[in-house]
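As provided, data35.cif (mmCIF, C-alpha atoms and all ligand atoms) reads as follows.
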```cif
data_structure
#
loop_
_atom_site.group_PDB
_atom_site.id
_atom_site.type_symbol
_atom_site.label_atom_id
_atom_site.label_comp_id
_atom_site.auth_asym_id
_atom_site.auth_seq_id
_atom_site.Cartn_x
_atom_site.Cartn_y
_atom_site.Cartn_z
ATOM 1 C CA MET L 910 66.880 -28.624 -67.893
ATOM 2 C CA LYS L 911 64.690 -26.557 -65.602
ATOM 3 C CA ILE L 912 66.313 -24.697 -62.708
ATOM 4 C CA GLN L 913 64.731 -22.615 -59.979
ATOM 5 C CA LEU L 914 66.255 -20.682 -57.139
ATOM 6 C CA LEU L 915 63.783 -21.163 -54.307
ATOM 7 C CA PRO L 916 62.535 -18.076 -52.498
ATOM 8 C CA SER L 917 63.649 -17.882 -48.895
ATOM 9 C CA THR L 918 62.157 -14.665 -47.594
ATOM 10 C CA PHE L 919 58.617 -13.375 -47.330
ATOM 11 C CA ASP L 920 57.460 -9.763 -47.352
ATOM 12 C CA ARG L 921 55.057 -8.274 -44.783
ATOM 13 C CA ASN L 922 52.097 -9.679 -46.733
ATOM 14 C CA GLY L 923 53.525 -13.183 -46.643
ATOM 15 C CA CYS L 924 54.445 -13.159 -50.341
ATOM 16 C CA ALA L 925 57.787 -14.546 -51.497
ATOM 17 C CA SER L 926 60.284 -11.725 -52.023
ATOM 18 C CA GLN L 927 63.477 -11.498 -54.051
ATOM 19 C CA GLU L 928 65.616 -11.040 -50.957
ATOM 20 C CA GLN L 929 67.772 -14.134 -50.789
ATOM 21 C CA ARG L 930 68.873 -15.227 -47.354
ATOM 22 C CA LEU L 931 69.068 -18.951 -48.013
ATOM 23 C CA THR L 932 70.343 -20.864 -51.042
ATOM 24 C CA CYS L 933 68.533 -23.804 -52.631
ATOM 25 C CA PHE L 934 68.296 -24.538 -56.362
ATOM 26 C CA VAL L 935 65.913 -27.180 -57.687
ATOM 27 C CA ILE L 936 66.768 -28.961 -60.923
ATOM 28 C CA ASP L 937 63.930 -30.560 -62.916
ATOM 29 C CA ASP L 938 61.709 -30.551 -59.810
ATOM 30 C CA ARG L 939 63.772 -33.464 -58.543
ATOM 31 C CA VAL L 940 67.290 -32.669 -57.361
ATOM 32 C CA ALA L 941 68.249 -29.908 -54.943
ATOM 33 C CA VAL L 942 71.578 -28.104 -55.022
ATOM 34 C CA ASP L 943 72.004 -26.874 -51.455
ATOM 35 C CA ALA L 944 69.154 -26.922 -49.023
ATOM 36 C CA GLY L 945 68.903 -23.514 -47.333
ATOM 37 C CA SER L 946 65.213 -23.008 -48.120
ATOM 38 C CA ILE L 947 64.310 -26.581 -49.123
ATOM 39 C CA ALA L 948 61.605 -26.919 -46.472
ATOM 40 C CA LEU L 949 60.148 -23.465 -47.224
ATOM 41 C CA GLY L 950 60.019 -22.965 -50.963
ATOM 42 C CA LEU L 951 59.213 -26.284 -52.673
ATOM 43 C CA SER L 952 55.888 -26.841 -54.443
ATOM 44 C CA ASP L 953 53.771 -29.825 -53.332
ATOM 45 C CA GLU L 954 54.954 -31.787 -56.359
ATOM 46 C CA GLN L 955 58.593 -30.978 -55.624
ATOM 47 C CA HIS L 956 58.089 -32.042 -52.014
ATOM 48 C CA GLU L 957 57.034 -35.454 -53.320
ATOM 49 C CA ASN L 958 59.846 -35.786 -55.841
ATOM 50 C CA VAL L 959 62.980 -34.263 -54.351
ATOM 51 C CA ARG L 960 64.921 -37.028 -52.606
ATOM 52 C CA ASP L 961 68.442 -36.072 -53.679
ATOM 53 C CA VAL L 962 70.191 -33.063 -52.194
ATOM 54 C CA ILE L 963 73.726 -32.004 -53.077
ATOM 55 C CA VAL L 964 75.268 -29.928 -50.282
ATOM 56 C CA THR L 965 78.174 -27.776 -51.497
ATOM 57 C CA HIS L 966 79.279 -26.759 -48.007
ATOM 58 C CA PRO L 967 77.961 -26.738 -44.435
ATOM 59 C CA HIS L 968 77.241 -23.017 -43.983
ATOM 60 C CA MET L 969 73.830 -22.374 -42.452
ATOM 61 C CA ASP L 970 72.425 -20.513 -45.454
ATOM 62 C CA HIS L 971 73.026 -23.663 -47.554
ATOM 63 C CA MET L 972 71.561 -26.275 -45.210
ATOM 64 C CA ALA L 973 69.323 -24.388 -42.752
ATOM 65 C CA THR L 974 66.071 -26.225 -43.449
ATOM 66 C CA LEU L 975 67.471 -29.611 -44.518
ATOM 67 C CA PRO L 976 66.766 -31.045 -41.039
ATOM 68 C CA ILE L 977 63.223 -29.632 -41.166
ATOM 69 C CA PHE L 978 62.655 -31.072 -44.655
ATOM 70 C CA ILE L 979 63.601 -34.568 -43.480
ATOM 71 C CA ASP L 980 61.530 -34.122 -40.339
ATOM 72 C CA ASP L 981 58.481 -33.045 -42.410
ATOM 73 C CA HIS L 982 58.638 -36.221 -44.502
ATOM 74 C CA PHE L 983 59.897 -38.583 -41.809
ATOM 75 C CA ALA L 984 56.932 -40.965 -41.505
ATOM 76 C CA LEU L 985 55.992 -41.086 -45.169
ATOM 77 C CA LEU L 986 59.346 -41.536 -46.900
ATOM 78 C CA THR L 987 59.533 -44.728 -48.936
ATOM 79 C CA GLU L 988 63.142 -44.027 -49.849
ATOM 80 C CA PRO L 989 65.775 -42.101 -47.914
ATOM 81 C CA VAL L 990 66.607 -38.471 -48.553
ATOM 82 C CA ARG L 991 70.073 -38.860 -50.072
ATOM 83 C CA VAL L 992 72.544 -36.157 -49.053
ATOM 84 C CA HIS L 993 75.387 -35.984 -51.561
ATOM 85 C CA ALA L 994 78.482 -34.201 -50.273
ATOM 86 C CA THR L 995 82.222 -34.614 -49.847
ATOM 87 C CA GLY L 996 83.384 -36.700 -46.889
ATOM 88 C CA GLU L 997 84.613 -33.508 -45.224
ATOM 89 C CA VAL L 998 81.224 -31.831 -45.479
ATOM 90 C CA ILE L 999 79.383 -34.959 -44.304
ATOM 91 C CA ALA L 1000 81.622 -35.114 -41.234
ATOM 92 C CA LEU L 1001 80.846 -31.457 -40.444
ATOM 93 C CA LEU L 1002 77.077 -31.967 -40.880
ATOM 94 C CA GLU L 1003 77.211 -34.962 -38.540
ATOM 95 C CA ARG L 1004 79.337 -33.136 -35.985
ATOM 96 C CA ASP L 1005 77.570 -29.781 -35.977
ATOM 97 C CA VAL L 1006 73.979 -30.315 -37.149
ATOM 98 C CA PHE L 1007 72.709 -33.909 -37.025
ATOM 99 C CA ASN L 1008 74.393 -34.457 -33.669
ATOM 100 C CA TRP L 1009 71.411 -35.329 -31.417
ATOM 101 C CA THR L 1010 71.670 -31.837 -29.878
ATOM 102 C CA VAL L 1011 70.926 -29.408 -32.667
ATOM 103 C CA TYR L 1012 68.804 -32.066 -34.377
ATOM 104 C CA PRO L 1013 68.458 -35.859 -34.456
ATOM 105 C CA ARG L 1014 71.062 -37.942 -36.249
ATOM 106 C CA PHE L 1015 68.685 -38.892 -39.068
ATOM 107 C CA SER L 1016 71.344 -41.039 -40.731
ATOM 108 C CA GLN L 1017 70.750 -43.558 -37.916
ATOM 109 C CA LEU L 1018 66.938 -43.458 -37.988
ATOM 110 C CA LYS L 1019 64.335 -45.422 -39.937
ATOM 111 C CA ASN L 1020 60.596 -45.099 -40.388
ATOM 112 C CA ASP L 1021 58.340 -48.109 -41.146
ATOM 113 C CA HIS L 1022 59.658 -48.283 -44.710
ATOM 114 C CA CYS L 1023 63.308 -47.310 -44.920
ATOM 115 C CA PRO L 1024 66.156 -45.269 -43.470
ATOM 116 C CA VAL L 1025 65.139 -41.613 -43.627
ATOM 117 C CA MET L 1026 68.476 -40.110 -44.624
ATOM 118 C CA GLU L 1027 71.510 -41.505 -46.344
ATOM 119 C CA TYR L 1028 74.849 -39.847 -47.041
ATOM 120 C CA VAL L 1029 76.283 -40.421 -50.492
ATOM 121 C CA PRO L 1030 79.874 -39.188 -50.457
ATOM 122 C CA PHE L 1031 81.581 -37.959 -53.611
ATOM 123 C CA ARG L 1032 85.108 -36.829 -54.361
ATOM 124 C CA PRO L 1033 86.117 -33.671 -56.185
ATOM 125 C CA ARG L 1034 86.955 -34.198 -59.870
ATOM 126 C CA GLU L 1035 85.290 -37.648 -59.981
ATOM 127 C CA GLU L 1036 82.042 -37.660 -61.927
ATOM 128 C CA PHE L 1037 79.051 -39.089 -60.035
ATOM 129 C CA ARG L 1038 75.352 -39.709 -60.699
ATOM 130 C CA VAL L 1039 72.503 -38.004 -58.879
ATOM 131 C CA ALA L 1040 69.066 -39.142 -60.123
ATOM 132 C CA HIS L 1041 69.085 -38.406 -63.875
ATOM 133 C CA LEU L 1042 72.106 -36.076 -63.670
ATOM 134 C CA THR L 1043 75.867 -36.494 -63.877
ATOM 135 C CA VAL L 1044 77.794 -34.168 -61.640
ATOM 136 C CA THR L 1045 81.421 -33.145 -61.231
ATOM 137 C CA ALA L 1046 82.446 -31.259 -58.095
ATOM 138 C CA VAL L 1047 85.506 -29.021 -57.921
ATOM 139 C CA ALA L 1048 86.902 -27.401 -54.781
ATOM 140 C CA VAL L 1049 86.497 -23.608 -54.726
ATOM 141 C CA ASN L 1050 87.975 -20.881 -52.532
ATOM 142 C CA HIS L 1051 85.703 -20.364 -49.525
ATOM 143 C CA ILE L 1052 86.410 -20.311 -45.786
ATOM 144 C CA VAL L 1053 85.170 -23.875 -45.189
ATOM 145 C CA PRO L 1054 85.515 -26.904 -47.503
ATOM 146 C CA THR L 1055 83.268 -26.030 -50.462
ATOM 147 C CA VAL L 1056 82.727 -27.346 -53.966
ATOM 148 C CA GLY L 1057 81.418 -25.803 -57.150
ATOM 149 C CA LEU L 1058 79.428 -28.134 -59.417
ATOM 150 C CA ILE L 1059 79.146 -28.927 -63.098
ATOM 151 C CA VAL L 1060 75.817 -30.651 -63.720
ATOM 152 C CA SER L 1061 74.621 -32.353 -66.904
ATOM 153 C CA ASP L 1062 71.458 -34.182 -67.923
ATOM 154 C CA GLY L 1063 73.146 -35.550 -71.045
ATOM 155 C CA THR L 1064 71.808 -32.724 -73.208
ATOM 156 C CA THR L 1065 72.289 -29.562 -71.177
ATOM 157 C CA THR L 1066 75.168 -28.695 -68.858
ATOM 158 C CA VAL L 1067 75.279 -25.933 -66.249
ATOM 159 C CA ALA L 1068 77.748 -24.845 -63.575
ATOM 160 C CA PHE L 1069 77.315 -23.575 -59.996
ATOM 161 C CA SER L 1070 80.186 -21.672 -58.406
ATOM 162 C CA SER L 1071 78.728 -22.029 -54.896
ATOM 163 C CA ASP L 1072 80.273 -19.587 -52.407
ATOM 164 C CA THR L 1073 83.759 -18.603 -53.468
ATOM 165 C CA ALA L 1074 86.302 -15.829 -53.669
ATOM 166 C CA ALA L 1075 88.651 -15.705 -56.676
ATOM 167 C CA THR L 1076 89.392 -19.295 -57.675
ATOM 168 C CA GLU L 1077 91.242 -21.187 -60.420
ATOM 169 C CA GLU L 1078 90.645 -24.940 -60.639
ATOM 170 C CA PHE L 1079 86.881 -24.612 -60.977
ATOM 171 C CA TRP L 1080 87.258 -22.389 -64.063
ATOM 172 C CA GLU L 1081 89.788 -24.780 -65.579
ATOM 173 C CA VAL L 1082 87.210 -27.572 -65.356
ATOM 174 C CA VAL L 1083 84.439 -25.268 -66.632
ATOM 175 C CA ASN L 1084 86.669 -24.389 -69.605
ATOM 176 C CA GLU L 1085 86.973 -28.105 -70.434
ATOM 177 C CA ARG L 1086 83.194 -28.051 -70.991
ATOM 178 C CA PRO L 1087 82.438 -25.733 -73.923
ATOM 179 C CA ASP L 1088 78.861 -27.085 -73.893
ATOM 180 C CA ILE L 1089 77.957 -25.253 -70.661
ATOM 181 C CA SER L 1090 74.795 -23.200 -71.193
ATOM 182 C CA ALA L 1091 74.470 -21.400 -67.894
ATOM 183 C CA LEU L 1092 76.622 -20.413 -64.951
ATOM 184 C CA PHE L 1093 75.299 -19.539 -61.501
ATOM 185 C CA ILE L 1094 77.918 -17.375 -59.844
ATOM 186 C CA GLU L 1095 77.862 -15.766 -56.457
ATOM 187 C CA ALA L 1096 77.953 -11.974 -56.021
ATOM 188 C CA SER L 1097 77.627 -11.384 -52.284
ATOM 189 C CA PHE L 1098 78.967 -7.913 -51.514
ATOM 190 C CA PRO L 1099 79.035 -4.572 -53.354
ATOM 191 C CA ASN L 1100 82.294 -3.322 -54.854
ATOM 192 C CA SER L 1101 82.890 -0.985 -51.897
ATOM 193 C CA MET L 1102 83.152 -4.040 -49.614
ATOM 194 C CA GLY L 1103 85.869 -5.860 -51.524
ATOM 195 C CA LYS L 1104 87.978 -6.403 -48.402
ATOM 196 C CA LEU L 1105 85.138 -8.092 -46.519
ATOM 197 C CA ALA L 1106 84.297 -10.164 -49.588
ATOM 198 C CA GLU L 1107 87.882 -11.354 -49.761
ATOM 199 C CA VAL L 1108 88.247 -12.326 -46.099
ATOM 200 C CA SER L 1109 84.855 -14.045 -46.033
ATOM 201 C CA GLY L 1110 85.517 -15.965 -49.248
ATOM 202 C CA HIS L 1111 83.018 -14.176 -51.492
ATOM 203 C CA LEU L 1112 82.881 -12.061 -54.665
ATOM 204 C CA THR L 1113 81.826 -8.526 -55.522
ATOM 205 C CA PRO L 1114 80.503 -7.620 -58.996
ATOM 206 C CA GLU L 1115 84.039 -6.517 -59.937
ATOM 207 C CA GLY L 1116 85.233 -9.890 -58.657
ATOM 208 C CA VAL L 1117 82.601 -11.619 -60.784
ATOM 209 C CA ALA L 1118 83.883 -9.753 -63.844
ATOM 210 C CA ALA L 1119 87.441 -10.845 -63.043
ATOM 211 C CA GLU L 1120 86.350 -14.485 -62.692
ATOM 212 C CA LEU L 1121 84.370 -14.362 -65.951
ATOM 213 C CA ARG L 1122 87.504 -13.166 -67.764
ATOM 214 C CA LYS L 1123 89.003 -16.591 -66.963
ATOM 215 C CA LEU L 1124 86.346 -18.289 -69.078
ATOM 216 C CA SER L 1125 86.824 -19.245 -72.707
ATOM 217 C CA HIS L 1126 83.111 -19.589 -73.541
ATOM 218 C CA ASN L 1127 81.748 -17.361 -76.291
ATOM 219 C CA ARG L 1128 78.185 -17.237 -75.106
ATOM 220 C CA LEU L 1129 76.927 -18.176 -71.683
ATOM 221 C CA ASP L 1130 73.977 -17.157 -69.558
ATOM 222 C CA VAL L 1131 75.412 -15.945 -66.268
ATOM 223 C CA LEU L 1132 73.030 -15.690 -63.332
ATOM 224 C CA ALA L 1133 74.303 -13.860 -60.270
ATOM 225 C CA VAL L 1134 73.082 -15.403 -57.016
ATOM 226 C CA HIS L 1135 73.765 -15.112 -53.280
ATOM 227 C CA LEU L 1136 73.240 -11.327 -53.322
ATOM 228 C CA LYS L 1137 73.234 -10.265 -49.670
ATOM 229 C CA PRO L 1138 69.741 -8.834 -49.031
ATOM 230 C CA SER L 1139 70.963 -5.582 -47.453
ATOM 231 C CA TYR L 1140 72.917 -4.694 -50.603
ATOM 232 C CA ARG L 1141 70.656 -6.205 -53.244
ATOM 233 C CA GLU L 1142 69.741 -2.924 -54.957
ATOM 234 C CA THR L 1143 73.369 -1.787 -55.146
ATOM 235 C CA LEU L 1144 74.480 -5.220 -56.323
ATOM 236 C CA VAL L 1145 71.921 -5.315 -59.142
ATOM 237 C CA LYS L 1146 73.106 -1.838 -60.256
ATOM 238 C CA GLU L 1147 76.777 -2.773 -60.066
ATOM 239 C CA LEU L 1148 76.215 -6.033 -61.942
ATOM 240 C CA GLY L 1149 74.327 -4.107 -64.653
ATOM 241 C CA ALA L 1150 77.107 -1.510 -64.845
ATOM 242 C CA LEU L 1151 79.596 -4.222 -65.789
ATOM 243 C CA GLY L 1152 77.943 -4.307 -69.224
ATOM 244 C CA ILE L 1153 78.532 -8.042 -69.605
ATOM 245 C CA SER L 1154 76.083 -9.561 -72.079
ATOM 246 C CA GLY L 1155 74.151 -12.527 -70.723
ATOM 247 C CA LEU L 1156 74.740 -11.502 -67.089
ATOM 248 C CA SER L 1157 71.760 -10.832 -64.826
ATOM 249 C CA ALA L 1158 70.668 -11.300 -61.226
ATOM 250 C CA MET L 1159 68.730 -14.544 -60.855
ATOM 251 C CA GLU L 1160 65.093 -14.125 -59.833
ATOM 252 C CA ALA L 1161 63.943 -16.328 -56.982
ATOM 253 C CA GLY L 1162 60.977 -18.524 -57.798
ATOM 254 C CA ARG L 1163 61.248 -18.179 -61.572
ATOM 255 C CA ALA L 1164 61.734 -21.383 -63.572
ATOM 256 C CA TYR L 1165 64.638 -20.991 -66.000
ATOM 257 C CA GLU L 1166 65.076 -23.499 -68.811
ATOM 258 C CA TRP L 1167 68.009 -24.427 -71.007
HETATM 259 ZN ZN ZN L 1201 79.326 -20.106 -47.462
HETATM 260 ZN ZN ZN L 1202 76.327 -18.840 -48.578
#
```

For the file at hand, write its structure as structure tokens.
Amino acid sequence: MKIQLLPSTFDRNGCASQEQRLTCFVIDDRVAVDAGSIALGLSDEQHENVRDVIVTHPHMDHMATLPIFIDDHFALLTEPVRVHATGEVIALLERDVFNWTVYPRFSQLKNDHCPVMEYVPFRPREEFRVAHLTVTAVAVNHIVPTVGLIVSDGTTTVAFSSDTAATEEFWEVVNERPDISALFIEASFPNSMGKLAEVSGHLTPEGVAAELRKLSHNRLDVLAVHLKPSYRETLVKELGALGISGLSAMEAGRAYEW
């Protein structure tokens, strides 16, 4: 399984930088997990192949360029862009984003070939298929309805925490899957900002360490993501200082394989 975190920010020379303002992972060049930078960071080939997008929650940094992505492909789509999300999240996207004001309600529009966008609702704790993957979503502890994901291609299984503060059920489900090879866990704020992390439903590096202690896996690659750009340097230092083997900050743009 190949997984990339798409870049979302460009330096003064126009080159992709490691600062991560938007979240979008691409699995096997085909399925997106969240869509923050989907219209900005995909390769040409990925633009042609990604038609399934799992949205963990409706925060802007996780869906900012989804409307632009659909708009870019509008006339040429020969199958809809399928947006997989819980019913709650779909209702929020329809109410607050695809509402004819912020952007068109693409779920009601067709081009010459097909509808351009289709919602595919899923329920937490019920396994569902997305392209070649099987996925289980589990509610996590964020300030809006949000799910973490366990994703398998039949050979390799990985887990995404999405945005969350300290949580329980997600780790219980992760612990039922000893075959998990990699975990993508959020680390938004430095340790000195623990209070803000807590009220905004996020983790600090110390919080990450506390969550990882809930896991029963012996060996797991843990990639920290969602590092707020203003604190990135401090966060990388604090994550390193935890001394947890297998833990590192995920590099945007790099293709990781398991
Ligand atoms: Zn969020
Ligand atoms: Zn976020």

Residues at most 9 Å from Tyr1140 of chain L, counting all atoms listed in the file, excluding those fewer than 3 positions away in the same chain, as number ranges by chain? L: 1097-1099, 1136-1137, 1143-1145

Mind telling me what the PyMOL selection byres (((chain L and resi 941) around 12) and not hetatm) catches here, as JSON, numbers by chain? {"L": [911, 912, 913, 914, 915, 932, 933, 934, 935, 936, 937, 938, 939, 940, 942, 943, 944, 945, 946, 947, 948, 950, 951, 955, 956, 958, 959, 960, 961, 962, 963, 964, 965, 971, 972, 975, 978, 990, 991, 992, 993, 1039, 1040, 1042, 1060]}

Write a file of the just-selected residues containing C-alpha atoms, as a PDB file, in the frame of the given file.
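So the final result, stored in again-v5.pdb, reads:
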```
ATOM      1  CA  LYS L 911      64.690 -26.557 -65.602  1.00  0.00           C
ATOM      2  CA  ILE L 912      66.313 -24.697 -62.708  1.00  0.00           C
ATOM      3  CA  GLN L 913      64.731 -22.615 -59.979  1.00  0.00           C
ATOM      4  CA  LEU L 914      66.255 -20.682 -57.139  1.00  0.00           C
ATOM      5  CA  LEU L 915      63.783 -21.163 -54.307  1.00  0.00           C
ATOM      6  CA  THR L 932      70.343 -20.864 -51.042  1.00  0.00           C
ATOM      7  CA  CYS L 933      68.533 -23.804 -52.631  1.00  0.00           C
ATOM      8  CA  PHE L 934      68.296 -24.538 -56.362  1.00  0.00           C
ATOM      9  CA  VAL L 935      65.913 -27.180 -57.687  1.00  0.00           C
ATOM     10  CA  ILE L 936      66.768 -28.961 -60.923  1.00  0.00           C
ATOM     11  CA  ASP L 937      63.930 -30.560 -62.916  1.00  0.00           C
ATOM     12  CA  ASP L 938      61.709 -30.551 -59.810  1.00  0.00           C
ATOM     13  CA  ARG L 939      63.772 -33.464 -58.543  1.00  0.00           C
ATOM     14  CA  VAL L 940      67.290 -32.669 -57.361  1.00  0.00           C
ATOM     15  CA  VAL L 942      71.578 -28.104 -55.022  1.00  0.00           C
ATOM     16  CA  ASP L 943      72.004 -26.874 -51.455  1.00  0.00           C
ATOM     17  CA  ALA L 944      69.154 -26.922 -49.023  1.00  0.00           C
ATOM     18  CA  GLY L 945      68.903 -23.514 -47.333  1.00  0.00           C
ATOM     19  CA  SER L 946      65.213 -23.008 -48.120  1.00  0.00           C
ATOM     20  CA  ILE L 947      64.310 -26.581 -49.123  1.00  0.00           C
ATOM     21  CA  ALA L 948      61.605 -26.919 -46.472  1.00  0.00           C
ATOM     22  CA  GLY L 950      60.019 -22.965 -50.963  1.00  0.00           C
ATOM     23  CA  LEU L 951      59.213 -26.284 -52.673  1.00  0.00           C
ATOM     24  CA  GLN L 955      58.593 -30.978 -55.624  1.00  0.00           C
ATOM     25  CA  HIS L 956      58.089 -32.042 -52.014  1.00  0.00           C
ATOM     26  CA  ASN L 958      59.846 -35.786 -55.841  1.00  0.00           C
ATOM     27  CA  VAL L 959      62.980 -34.263 -54.351  1.00  0.00           C
ATOM     28  CA  ARG L 960      64.921 -37.028 -52.606  1.00  0.00           C
ATOM     29  CA  ASP L 961      68.442 -36.072 -53.679  1.00  0.00           C
ATOM     30  CA  VAL L 962      70.191 -33.063 -52.194  1.00  0.00           C
ATOM     31  CA  ILE L 963      73.726 -32.004 -53.077  1.00  0.00           C
ATOM     32  CA  VAL L 964      75.268 -29.928 -50.282  1.00  0.00           C
ATOM     33  CA  THR L 965      78.174 -27.776 -51.497  1.00  0.00           C
ATOM     34  CA  HIS L 971      73.026 -23.663 -47.554  1.00  0.00           C
ATOM     35  CA  MET L 972      71.561 -26.275 -45.210  1.00  0.00           C
ATOM     36  CA  LEU L 975      67.471 -29.611 -44.518  1.00  0.00           C
ATOM     37  CA  PHE L 978      62.655 -31.072 -44.655  1.00  0.00           C
ATOM     38  CA  VAL L 990      66.607 -38.471 -48.553  1.00  0.00           C
ATOM     39  CA  ARG L 991      70.073 -38.860 -50.072  1.00  0.00           C
ATOM     40  CA  VAL L 992      72.544 -36.157 -49.053  1.00  0.00           C
ATOM     41  CA  HIS L 993      75.387 -35.984 -51.561  1.00  0.00           C
ATOM     42  CA  VAL L1039      72.503 -38.004 -58.879  1.00  0.00           C
ATOM     43  CA  ALA L1040      69.066 -39.142 -60.123  1.00  0.00           C
ATOM     44  CA  LEU L1042      72.106 -36.076 -63.670  1.00  0.00           C
ATOM     45  CA  VAL L1060      75.817 -30.651 -63.720  1.00  0.00           C
TER      46      VAL L1060
END
```

Could you check which of L:Asn1127, L:Gln929, L:Asn1020, L:Thr1055 is closest to Ala1096 of chain L, using all atoms listed in the file?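 Closest to Ala1096 of chain L, using all atoms listed in the file: L:Gln929.
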
If we count all atoms listed in the file and set the cut-off at 12 Å, which residues sit around Gly1152 of chain L, ignoring sequence neighbours fewer than 5 positions away in its own chain? Please answer as a VMD selection string. chain L and resid 1114 to 1115 1118 1145 to 1147 1157

Please measure the separation of atom CA of Cys1023 of chain L and atom CA of Ile979 of chain L, giving the value in Å to one decimal. 12.8 Å

Please identify the residues whose atoms come within 8 Å of ligand ZN 1202 (chain L), using only C-alpha atoms and all ligand atoms, and report them as a list in words.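 Final answer, ordered by chain and number: Leu931, Thr932, His968, Met969, Asp970, His971, Ser1071, Asp1072 and His1135 of chain L.
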
Top pick for closest residue to ligand ZN 1201 (chain L), considering L:Leu1018, L:Ser1070, L:Ala1150, L:Met1026 and counting only C-alpha atoms and all ligand atoms: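 Among the listed residues, the smallest separation from ligand ZN 1201 (chain L) belongs to L:Ser1070.
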
Can you translate the PyMOL selection byres (((chain L and resi 1117) around 10) and not hetatm) into the concrete residues it hits in this file, as a list in words?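 That expression, the PyMOL selection byres (((chain L and resi 1117) around 10) and not hetatm), corresponds here to Ala1074, Ala1075, Ile1094, Glu1095, Ala1096, Ser1097, His1111, Leu1112, Thr1113, Pro1114, Glu1115, Gly1116, Ala1118, Ala1119, Glu1120, Leu1121, Arg1122, Ala1133, Leu1148 and Leu1151 of chain L.
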
Could you work out how far atom CA of Trp1009 of chain L lies from atom CA of Gly996 of chain L, giving the answer in Å with one decimal?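 Straight-line distance from atom CA of Gly996 of chain L to atom CA of Trp1009 of chain L works out to 19.6 Å.
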
Residues picked by the PyMOL selection byres (((chain L and resi 1052) around 6) and not hetatm) here, as a list in words?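 Answer for the PyMOL selection byres (((chain L and resi 1052) around 6) and not hetatm): His1051, Val1053 and Gly1110 of chain L.
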
Please put the answer as AutoDock Vina command-line options: centre and edge lengths, in Å with one decimal, of a box along x, y and z that encloses all listed atoms of segment 993-1005 of chain L plus 6 Å on each side.
```
--center_x 80.0 --center_y -33.2 --center_z -43.8 --size_x 21.2 --size_y 18.9 --size_z 27.6
```

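Closest to ligand ZN 1201 (chain L) among L:Asp953, L:Thr918, L:Asn1050, L:Cys924 is L:Asn1050, based on only C-alpha atoms and all ligand atoms.
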
Minimum-distance residue to Phe1069 of chain L, chosen among L:Ser917, L:Glu1085, L:Ala1048, L:Ala1000 (using all atoms listed in the file):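 Among the listed residues, the smallest separation from Phe1069 of chain L belongs to L:Ala1048.
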
Atomic separation - atom CA of Asn1084 of chain L relative to atom CA of Glu1107 of chain L, Å: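 Spanning atom CA of Glu1107 of chain L to atom CA of Asn1084 of chain L is a straight-line distance of 23.8 Å.
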
For a quick check of understanding, using all atoms listed in the file, which of L:Asn922, L:Thr995, L:Ser1139, L:Ser1090 has the smallest distance to Tyr1028 of chain L?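 Under the stated criterion, the closest residue is L:Thr995.
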
L:Ala984, L:Ala973, L:Val1131, L:Val1083 ranked by distance to ligand ZN 1201 (chain L), top pick (using all atoms listed in the file): L:Ala973

Might you pull out every residue within 9 Å of Arg1128 of chain L, with only C-alpha atoms counted and same-chain residues fewer than 2 positions away left off, and present them as an mmCIF file with C-alpha atoms, in the frame of the given file?
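Saved to selection05.cif:
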```
data_model
loop_
_atom_site.group_PDB
_atom_site.id
_atom_site.type_symbol
_atom_site.label_atom_id
_atom_site.label_comp_id
_atom_site.auth_asym_id
_atom_site.auth_seq_id
_atom_site.Cartn_x
_atom_site.Cartn_y
_atom_site.Cartn_z
ATOM 1 C CA SER L 1090 74.795 -23.200 -71.193
ATOM 2 C CA HIS L 1126 83.111 -19.589 -73.541
ATOM 3 C CA ASP L 1130 73.977 -17.157 -69.558
ATOM 4 C CA SER L 1154 76.083 -9.561 -72.079
ATOM 5 C CA GLY L 1155 74.151 -12.527 -70.723
#
```
